[in-house]
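To be precise, the following lines are my_file-v5.pdb, and they hold PDB, C-alpha atoms, pLDDT in the B column.
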ATOM      1  CA  MET L 223    -129.767-113.459 121.242  1.00 45.00           C
ATOM      2  CA  ALA L 224    -127.648-115.468 118.818  1.00 47.00           C
ATOM      3  CA  ARG L 225    -127.999-112.702 116.246  1.00 45.00           C
ATOM      4  CA  THR L 226    -126.740-110.115 118.719  1.00 46.00           C
ATOM      5  CA  LYS L 227    -123.629-112.151 119.436  1.00 43.00           C
ATOM      6  CA  THR L 228    -122.975-112.598 115.721  1.00 44.00           C
ATOM      7  CA  ALA L 229    -123.323-108.877 115.138  1.00 44.00           C
ATOM      8  CA  LEU L 230    -120.928-108.118 117.962  1.00 41.00           C
ATOM      9  CA  LYS L 231    -118.352-110.435 116.434  1.00 44.00           C
ATOM     10  CA  THR L 232    -118.477-108.673 113.056  1.00 49.00           C
ATOM     11  CA  LYS L 233    -115.245-106.777 112.613  1.00 59.00           C
ATOM     12  CA  GLN L 234    -115.252-103.295 111.164  1.00 64.00           C
ATOM     13  CA  PRO L 235    -112.617-102.610 108.477  1.00 68.00           C
ATOM     14  CA  HIS L 236    -109.406-101.190 109.858  1.00 75.00           C
ATOM     15  CA  ALA L 237    -109.115 -97.421 109.482  1.00 83.00           C
ATOM     16  CA  ALA L 238    -105.940 -97.857 107.421  1.00 87.00           C
ATOM     17  CA  THR L 239    -107.800-100.100 104.961  1.00 88.00           C
ATOM     18  CA  VAL L 240    -110.601 -97.564 104.593  1.00 88.00           C
ATOM     19  CA  GLY L 241    -108.097 -94.734 104.173  1.00 89.00           C
ATOM     20  CA  LYS L 242    -106.275 -96.662 101.456  1.00 90.00           C
ATOM     21  CA  ALA L 243    -109.563 -97.318  99.653  1.00 91.00           C
ATOM     22  CA  VAL L 244    -110.464 -93.616  99.742  1.00 92.00           C
ATOM     23  CA  ARG L 245    -107.043 -92.485  98.513  1.00 92.00           C
ATOM     24  CA  ARG L 246    -107.018 -95.092  95.746  1.00 92.00           C
ATOM     25  CA  SER L 247    -110.509 -94.049  94.644  1.00 93.00           C
ATOM     26  CA  GLN L 248    -109.481 -90.392  94.599  1.00 94.00           C
ATOM     27  CA  SER L 249    -106.366 -91.299  92.621  1.00 94.00           C
ATOM     28  CA  PHE L 250    -108.465 -93.136  90.039  1.00 94.00           C
ATOM     29  CA  ILE L 251    -110.750 -90.112  89.643  1.00 95.00           C
ATOM     30  CA  ARG L 252    -107.722 -87.843  89.214  1.00 95.00           C
ATOM     31  CA  GLN L 253    -106.266 -90.171  86.601  1.00 93.00           C
ATOM     32  CA  SER L 254    -109.590 -90.219  84.764  1.00 94.00           C
ATOM     33  CA  PHE L 255    -109.656 -86.414  84.686  1.00 96.00           C
ATOM     34  CA  LYS L 256    -106.081 -86.310  83.452  1.00 94.00           C
ATOM     35  CA  GLN L 257    -106.545 -88.814  80.646  1.00 92.00           C
ATOM     36  CA  ILE L 258    -109.889 -87.514  79.407  1.00 93.00           C
ATOM     37  CA  MET L 259    -108.979 -83.830  79.565  1.00 94.00           C
ATOM     38  CA  SER L 260    -105.457 -84.098  78.147  1.00 91.00           C
ATOM     39  CA  GLY L 261    -105.987 -87.008  75.752  1.00 85.00           C
ATOM     40  CA  ARG L 262    -103.145 -87.175  73.265  1.00 76.00           C
ATOM     41  CA  ILE L 263    -102.142 -83.525  73.572  1.00 83.00           C
ATOM     42  CA  LYS L 264     -98.387 -83.037  73.318  1.00 79.00           C
ATOM     43  CA  ALA L 265     -98.099 -80.616  76.216  1.00 83.00           C
ATOM     44  CA  SER L 266     -96.838 -80.799  79.766  1.00 88.00           C
ATOM     45  CA  VAL L 267     -99.474 -82.135  82.146  1.00 92.00           C
ATOM     46  CA  SER L 268     -99.175 -81.752  85.902  1.00 93.00           C
ATOM     47  CA  GLU L 269    -101.261 -81.641  89.066  1.00 94.00           C
ATOM     48  CA  GLU L 270    -101.048 -79.754  92.313  1.00 91.00           C
ATOM     49  CA  ARG L 271    -103.156 -79.961  95.449  1.00 88.00           C
ATOM     50  CA  LEU L 272    -105.683 -77.215  96.026  1.00 85.00           C
ATOM     51  CA  VAL L 273    -106.391 -76.263  99.633  1.00 78.00           C
ATOM     52  CA  THR L 274    -109.194 -73.745 100.162  1.00 71.00           C
ATOM     53  CA  ALA L 275    -112.117 -72.816 102.363  1.00 58.00           C
ATOM     54  CA  ASP L 276    -115.684 -74.009 101.763  1.00 60.00           C
ATOM     55  CA  LEU L 277    -117.472 -73.117  98.524  1.00 60.00           C
ATOM     56  CA  PRO L 278    -114.328 -72.158  96.615  1.00 73.00           C
ATOM     57  CA  ILE L 279    -114.643 -70.145  93.418  1.00 81.00           C
ATOM     58  CA  PHE L 280    -111.642 -70.298  91.094  1.00 88.00           C
ATOM     59  CA  ALA L 281    -113.008 -69.590  87.617  1.00 92.00           C
ATOM     60  CA  THR L 282    -116.018 -68.440  85.604  1.00 93.00           C
ATOM     61  CA  TRP L 283    -117.705 -71.738  84.774  1.00 95.00           C
ATOM     62  CA  MET L 284    -118.290 -75.076  86.457  1.00 95.00           C
ATOM     63  CA  SER L 285    -119.265 -78.337  84.816  1.00 96.00           C
ATOM     64  CA  LEU L 286    -120.350 -81.196  87.043  1.00 95.00           C
ATOM     65  CA  ALA L 287    -121.866 -84.664  86.997  1.00 96.00           C
ATOM     66  CA  PHE L 288    -122.628 -87.259  89.610  1.00 92.00           C
ATOM     67  CA  VAL L 289    -122.983 -91.005  89.971  1.00 95.00           C
ATOM     68  CA  SER L 290    -125.322 -92.009  92.763  1.00 91.00           C
ATOM     69  CA  SER L 291    -126.709 -95.090  94.473  1.00 88.00           C
ATOM     70  CA  SER L 292    -128.130 -95.899  97.892  1.00 85.00           C
ATOM     71  CA  ARG L 293    -124.638 -97.010  98.965  1.00 84.00           C
ATOM     72  CA  LEU L 294    -122.174 -94.722  97.235  1.00 89.00           C
ATOM     73  CA  SER L 295    -122.231 -91.263  95.630  1.00 91.00           C
ATOM     74  CA  LEU L 296    -119.517 -89.717  93.447  1.00 93.00           C
ATOM     75  CA  LEU L 297    -119.752 -86.025  92.556  1.00 94.00           C
ATOM     76  CA  ILE L 298    -117.184 -84.577  90.143  1.00 96.00           C
ATOM     77  CA  LYS L 299    -116.689 -80.930  89.195  1.00 95.00           C
ATOM     78  CA  ALA L 300    -114.368 -78.894  87.011  1.00 96.00           C
ATOM     79  CA  GLN L 301    -114.173 -75.122  87.182  1.00 95.00           C
ATOM     80  CA  PHE L 302    -112.689 -73.386  84.169  1.00 97.00           C
ATOM     81  CA  ASN L 303    -112.429 -70.098  82.326  1.00 97.00           C
ATOM     82  CA  THR L 304    -113.749 -69.591  78.790  1.00 97.00           C
ATOM     83  CA  ASP L 305    -110.318 -69.014  77.248  1.00 97.00           C
ATOM     84  CA  ASP L 306    -108.989 -72.233  78.765  1.00 97.00           C
ATOM     85  CA  ALA L 307    -111.942 -74.239  77.417  1.00 97.00           C
ATOM     86  CA  ARG L 308    -111.336 -72.830  73.930  1.00 97.00           C
ATOM     87  CA  GLN L 309    -107.598 -73.518  74.145  1.00 96.00           C
ATOM     88  CA  LEU L 310    -108.200 -77.090  75.287  1.00 96.00           C
ATOM     89  CA  LEU L 311    -110.556 -77.843  72.406  1.00 96.00           C
ATOM     90  CA  ALA L 312    -108.176 -76.143  69.966  1.00 95.00           C
ATOM     91  CA  PHE L 313    -105.375 -78.423  71.178  1.00 93.00           C
ATOM     92  CA  HIS L 314    -107.507 -81.527  70.661  1.00 92.00           C
ATOM     93  CA  LYS L 315    -108.720 -80.502  67.221  1.00 92.00           C
ATOM     94  CA  GLY L 316    -105.383 -79.112  66.057  1.00 92.00           C
ATOM     95  CA  LYS L 317    -106.956 -75.798  65.103  1.00 93.00           C
ATOM     96  CA  PRO L 318    -106.246 -72.161  65.968  1.00 96.00           C
ATOM     97  CA  VAL L 319    -107.982 -71.101  69.160  1.00 96.00           C
ATOM     98  CA  GLU L 320    -109.621 -68.211  67.284  1.00 96.00           C
ATOM     99  CA  SER L 321    -111.563 -70.730  65.193  1.00 96.00           C
ATOM    100  CA  ILE L 322    -113.183 -72.379  68.242  1.00 97.00           C
ATOM    101  CA  PRO L 323    -116.679 -71.014  69.061  1.00 97.00           C
ATOM    102  CA  ILE L 324    -117.245 -70.387  72.752  1.00 96.00           C
ATOM    103  CA  PRO L 325    -120.468 -72.489  72.964  1.00 96.00           C
ATOM    104  CA  LEU L 326    -118.694 -75.462  71.365  1.00 97.00           C
ATOM    105  CA  ALA L 327    -115.767 -75.226  73.794  1.00 97.00           C
ATOM    106  CA  ILE L 328    -118.045 -75.085  76.822  1.00 95.00           C
ATOM    107  CA  ASP L 329    -120.152 -77.974  75.516  1.00 96.00           C
ATOM    108  CA  ALA L 330    -116.966 -80.029  75.113  1.00 96.00           C
ATOM    109  CA  MET L 331    -116.214 -79.531  78.812  1.00 96.00           C
ATOM    110  CA  LYS L 332    -119.667 -80.866  79.672  1.00 95.00           C
ATOM    111  CA  GLU L 333    -119.034 -83.900  77.473  1.00 95.00           C
ATOM    112  CA  ASN L 334    -115.711 -84.518  79.231  1.00 95.00           C
ATOM    113  CA  MET L 335    -117.510 -84.681  82.575  1.00 96.00           C
ATOM    114  CA  ASN L 336    -120.087 -87.020  81.079  1.00 96.00           C
ATOM    115  CA  ILE L 337    -117.344 -89.406  79.945  1.00 96.00           C
ATOM    116  CA  ILE L 338    -115.639 -89.367  83.356  1.00 96.00           C
ATOM    117  CA  ALA L 339    -118.954 -90.003  85.134  1.00 96.00           C
ATOM    118  CA  GLY L 340    -119.632 -92.875  82.730  1.00 95.00           C
ATOM    119  CA  LEU L 341    -116.313 -94.477  83.661  1.00 93.00           C
ATOM    120  CA  LEU L 342    -117.140 -94.180  87.371  1.00 93.00           C
ATOM    121  CA  LYS L 343    -120.602 -95.694  86.847  1.00 93.00           C
ATOM    122  CA  HIS L 344    -118.998 -98.625  85.044  1.00 92.00           C
ATOM    123  CA  LYS L 345    -116.638 -99.194  87.980  1.00 89.00           C
ATOM    124  CA  CYS L 346    -119.593 -99.099  90.386  1.00 90.00           C
ATOM    125  CA  GLU L 347    -121.325-101.783  88.345  1.00 89.00           C
ATOM    126  CA  GLU L 348    -118.178-103.927  88.385  1.00 87.00           C
ATOM    127  CA  ALA L 349    -118.230-103.650  92.187  1.00 86.00           C
ATOM    128  CA  GLY L 350    -121.860-104.784  92.288  1.00 87.00           C
ATOM    129  CA  ILE L 351    -123.126-101.286  93.141  1.00 87.00           C
ATOM    130  CA  LEU L 352    -126.173-100.371  91.044  1.00 89.00           C
ATOM    131  CA  ALA L 353    -125.832 -96.652  90.314  1.00 91.00           C
ATOM    132  CA  GLY L 354    -127.434 -93.991  88.173  1.00 94.00           C
ATOM    133  CA  ILE L 355    -125.684 -91.192  86.307  1.00 94.00           C
ATOM    134  CA  SER L 356    -126.787 -87.580  85.929  1.00 93.00           C
ATOM    135  CA  LEU L 357    -126.680 -85.470  82.824  1.00 92.00           C
ATOM    136  CA  PRO L 358    -123.654 -83.151  82.925  1.00 94.00           C
ATOM    137  CA  LEU L 359    -124.542 -79.682  84.178  1.00 93.00           C
ATOM    138  CA  LEU L 360    -123.043 -76.308  83.405  1.00 93.00           C
ATOM    139  CA  LEU L 361    -123.255 -73.512  85.980  1.00 92.00           C
ATOM    140  CA  ARG L 362    -121.584 -70.273  86.829  1.00 91.00           C
ATOM    141  CA  ALA L 363    -118.872 -71.176  89.316  1.00 86.00           C
ATOM    142  CA  PHE L 364    -120.439 -69.040  92.027  1.00 82.00           C
ATOM    143  CA  ASP L 365    -123.735 -70.978  91.694  1.00 79.00           C
ATOM    144  CA  GLU L 366    -122.420 -73.800  93.857  1.00 68.00           C
ATOM    145  CA  PRO L 367    -125.126 -76.489  94.086  1.00 65.00           C
ATOM    146  CA  THR L 368    -125.958 -78.039  97.447  1.00 59.00           C
ATOM    147  CA  PHE L 369    -126.956 -81.645  98.007  1.00 56.00           C
ATOM    148  CA  GLU L 370    -128.563 -83.141 101.063  1.00 55.00           C
ATOM    149  CA  GLN L 371    -126.405 -85.678 102.824  1.00 55.00           C
ATOM    150  CA  SER L 372    -127.630 -88.385 105.158  1.00 55.00           C
ATOM    151  CA  LEU L 373    -126.504 -88.042 108.756  1.00 50.00           C
ATOM    152  CA  ASN L 374    -125.040 -91.539 108.484  1.00 57.00           C
ATOM    153  CA  GLN L 375    -123.001 -90.824 105.371  1.00 71.00           C
ATOM    154  CA  LEU L 376    -119.241 -90.523 105.409  1.00 85.00           C
ATOM    155  CA  ALA L 377    -117.751 -88.042 102.950  1.00 87.00           C
ATOM    156  CA  GLU L 378    -114.317 -87.342 101.480  1.00 90.00           C
ATOM    157  CA  THR L 379    -113.355 -84.380  99.284  1.00 90.00           C
ATOM    158  CA  ASP L 380    -110.358 -83.995  96.983  1.00 94.00           C
ATOM    159  CA  GLN L 381    -109.376 -80.736  95.229  1.00 92.00           C
ATOM    160  CA  TRP L 382    -106.571 -80.180  92.757  1.00 95.00           C
ATOM    161  CA  ILE L 383    -105.410 -78.069  89.824  1.00 95.00           C
ATOM    162  CA  LEU L 384    -104.907 -79.899  86.535  1.00 96.00           C
ATOM    163  CA  ARG L 385    -102.435 -78.027  84.326  1.00 95.00           C
ATOM    164  CA  ILE L 386    -102.285 -78.809  80.612  1.00 95.00           C
ATOM    165  CA  GLY L 387     -99.706 -76.475  79.135  1.00 93.00           C
ATOM    166  CA  ASP L 388    -100.921 -73.019  80.130  1.00 93.00           C
ATOM    167  CA  ILE L 389    -104.468 -74.268  80.762  1.00 95.00           C
ATOM    168  CA  ARG L 390    -105.747 -74.522  84.327  1.00 95.00           C
ATOM    169  CA  LEU L 391    -108.688 -76.690  85.335  1.00 96.00           C
ATOM    170  CA  TYR L 392    -109.829 -76.621  88.962  1.00 95.00           C
ATOM    171  CA  CYS L 393    -111.054 -80.118  89.771  1.00 95.00           C
ATOM    172  CA  ILE L 394    -113.042 -81.373  92.739  1.00 93.00           C
ATOM    173  CA  SER L 395    -114.366 -84.798  93.698  1.00 94.00           C
ATOM    174  CA  HIS L 396    -116.736 -85.697  96.528  1.00 93.00           C
ATOM    175  CA  ILE L 397    -117.076 -89.326  97.611  1.00 93.00           C
ATOM    176  CA  SER L 398    -119.931 -90.215  99.993  1.00 91.00           C
ATOM    177  CA  TYR L 399    -120.650 -93.679 101.352  1.00 89.00           C
ATOM    178  CA  MET L 400    -122.850 -95.209 104.018  1.00 85.00           C
ATOM    179  CA  VAL L 401    -120.484 -97.813 105.461  1.00 84.00           C
ATOM    180  CA  PRO L 402    -116.728 -98.436 104.968  1.00 85.00           C
ATOM    181  CA  GLU L 403    -117.397-101.715 103.130  1.00 87.00           C
ATOM    182  CA  ASP L 404    -118.962 -99.777 100.245  1.00 85.00           C
ATOM    183  CA  ILE L 405    -115.896 -97.685  99.454  1.00 87.00           C
ATOM    184  CA  ILE L 406    -113.669-100.753  99.912  1.00 87.00           C
ATOM    185  CA  GLU L 407    -115.719-102.738  97.363  1.00 84.00           C
ATOM    186  CA  PHE L 408    -115.486 -99.849  94.908  1.00 86.00           C
ATOM    187  CA  PHE L 409    -111.734 -99.527  95.479  1.00 83.00           C
ATOM    188  CA  GLU L 410    -111.131-103.247  94.910  1.00 83.00           C
ATOM    189  CA  HIS L 411    -112.542-103.017  91.377  1.00 78.00           C
ATOM    190  CA  LEU L 412    -110.449-100.057  90.275  1.00 77.00           C
ATOM    191  CA  SER L 413    -107.601-100.364  87.837  1.00 55.00           C
ATOM    192  CA  ASP L 414    -105.738 -97.636  86.003  1.00 45.00           C
ATOM    193  CA  GLU L 415    -104.836-100.021  83.186  1.00 46.00           C
ATOM    194  CA  LYS L 416    -106.949 -99.683  80.046  1.00 47.00           C
ATOM    195  CA  SER L 417    -109.624 -97.735  81.916  1.00 46.00           C
ATOM    196  CA  THR L 418    -109.559 -94.658  79.716  1.00 47.00           C
ATOM    197  CA  GLU L 419    -106.935 -95.249  77.090  1.00 46.00           C
ATOM    198  CA  GLN L 420    -109.498 -96.137  74.415  1.00 43.00           C
ATOM    199  CA  VAL L 421    -111.548 -92.959  74.919  1.00 44.00           C
ATOM    200  CA  ASP L 422    -111.085 -90.239  72.319  1.00 45.00           C
ATOM    201  CA  PHE L 423    -111.916 -86.588  72.760  1.00 41.00           C
ATOM    202  CA  LEU L 424    -115.182 -85.832  70.967  1.00 44.00           C
TER     203      LEU L 424
END

What is this file in structure tokens?
Amino acid sequence: MARTKTALKTKQPHAATVGKAVRRSQSFIRQSFKQIMSGRIKASVSEERLVTADLPIFATWMSLAFVSSSRLSLLIKAQFNTDDARQLLAFHKGKPVESIPIPLAIDAMKENMNIIAGLLKHKCEEAGILAGISLPLLLRAFDEPTFEQSLNQLAETDQWILRIGDIRLYCISHISYMVPEDIIEFFEHLSDEKSTEQVDFL
């Protein structure tokens, strides 16, 4: 009986606190995309929100990776066209776009997702959340993968366009968590400072 009373007295996090944690987590993921994808390119970089229906298809290719644990799952995706991938790698290498092989450009996009997922895994570990990381995948954008979600999981999705000069990358993040405390713990260990500034484009 004593346990029941204790459980009843446990306060759930305020909705505003949970909402702030979700928005801050999404902001960190956006910043990670921006810094890894744009690096030290001297070009205008901007973002705009992307509002669409389910299973959106914006480009030819999609690279994705996910960080997963029993408490928290982070799925990140970037849809892109071949020409944009080649232009992005050409910017980073300081070479003419014509000299960039298509397979190399596409592989570089996979590596970008791998780096971003690695940063998110590190933040999970800092929050005391033991998580695994997938290998980055490359799919046709219309081959949208589906993942089973627990009935008890809460999920948040963020979609935006990352513009780097004339390049467009269509970015998506999915955050799933079992209880509000999990996303709050993750949020409390996030910091934009020095999180990605030491990472160079490979």

For this session: Name the residues in contact with Phe409 of chain L at a cut-off of 10 Å, using all atoms listed in the file, excluding same-chain residues fewer than 6 positions from it; report them as a list in words.
Result: Val240, Lys242, Ala243, Val244, Arg245, Arg246, Ser247, Gln248, Phe250, Lys345, Cys346, Ala349 and Glu403 of chain L

Grab all the atoms of segment 346-358 of chain L that the file lists, wrap them in a box along x, y and z, add 6 Å per side, and give me centre plus edge lengths in Å (one decimal) as lines of an AutoDock Vina configuration file.
center_x = -122.8
center_y = -94.0
center_z = 88.0
size_x = 21.3
size_y = 33.6
size_z = 22.3

For this session: Could you state which residues are captured by the PyMOL selection byres ((chain L and resi 334) around 12) in this file, as a PyMOL selection string?
Result: chain L and resi 254-261+285-287+298-300+307+310-311+327-333+335-341+357-360+418+421-424

Exercise. Near Phe288 of chain L, counting only C-alpha atoms, which residues have an atom at most 6 Å away, once you skip same-chain residues fewer than 5 positions from it, shown as an MDAnalysis selection string?
Worked result: chainID L and resid 296:297 355:356

For this session: Provide the atom CA of Thr274 of chain L to atom CA of Ile386 of chain L distance in Å, to one decimal place.
Result: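 Distance reported for this atom pair: 21.3 Å.
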
For this session: Using all atoms listed in the file, find the one residue out of L:Val273, L:Trp382, L:Glu410, L:Ile324 that sits nearest to Gln253 of chain L.
Result: L:Trp382

For this session: Would you translate the PyMOL selection byres ((chain L and resi 282) around 7) into the concrete set of residues it matches in this file, as a ChimeraX atom specification?
Result: /L:281,283,302-303,362-363

Exercise. What is the atom CA of Met400 of chain L-atom CA of Leu294 of chain L distance in Å, reported with one decimal?
Worked result: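 Distance reported for this atom pair: 6.8 Å.
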
For this session: Find the residues near Leu391 of chain L: any atom within 7 Å, counting only C-alpha atoms, skip ones fewer than 2 places away on the same chain, and give them as JSON, numbers by chain.
Result: {"L": [300, 301, 302, 383, 384, 385, 389, 393]}

Exercise. Taking into account only C-alpha atoms, which residue in the set L:Val267, L:Ile279, L:Met284, L:Ser290 is nearest to Glu347 of chain L?
Worked result: L:Ser290

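For the pair atom CA of Arg308 of chain L and atom CA of Ile322 of chain L, the interatomic distance is 6.0 Å.
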
Seminar exercise, completed: Shortest contact to Phe408 of chain L, candidates L:Gly241, L:Ile394, L:His236, L:Ile351, atoms counted all atoms listed in the file, goes to L:Ile351

Problem set entry | Proximity to Leu412 of chain L - best of L:Leu342, L:Ile397, L:Val289, L:Leu376, only C-alpha atoms |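 Smallest distance to Leu412 of chain L is found for L:Leu342.
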
Exercise. Of the candidates L:Thr304, L:Ser292, L:Thr379, L:Gln309, which shows the shortest atom-to-atom distance to Ile263 of chain L, using only C-alpha atoms?
Worked result: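 Ranking L:Thr304, L:Ser292, L:Thr379, L:Gln309 by distance to Ile263 of chain L, first place goes to L:Gln309.
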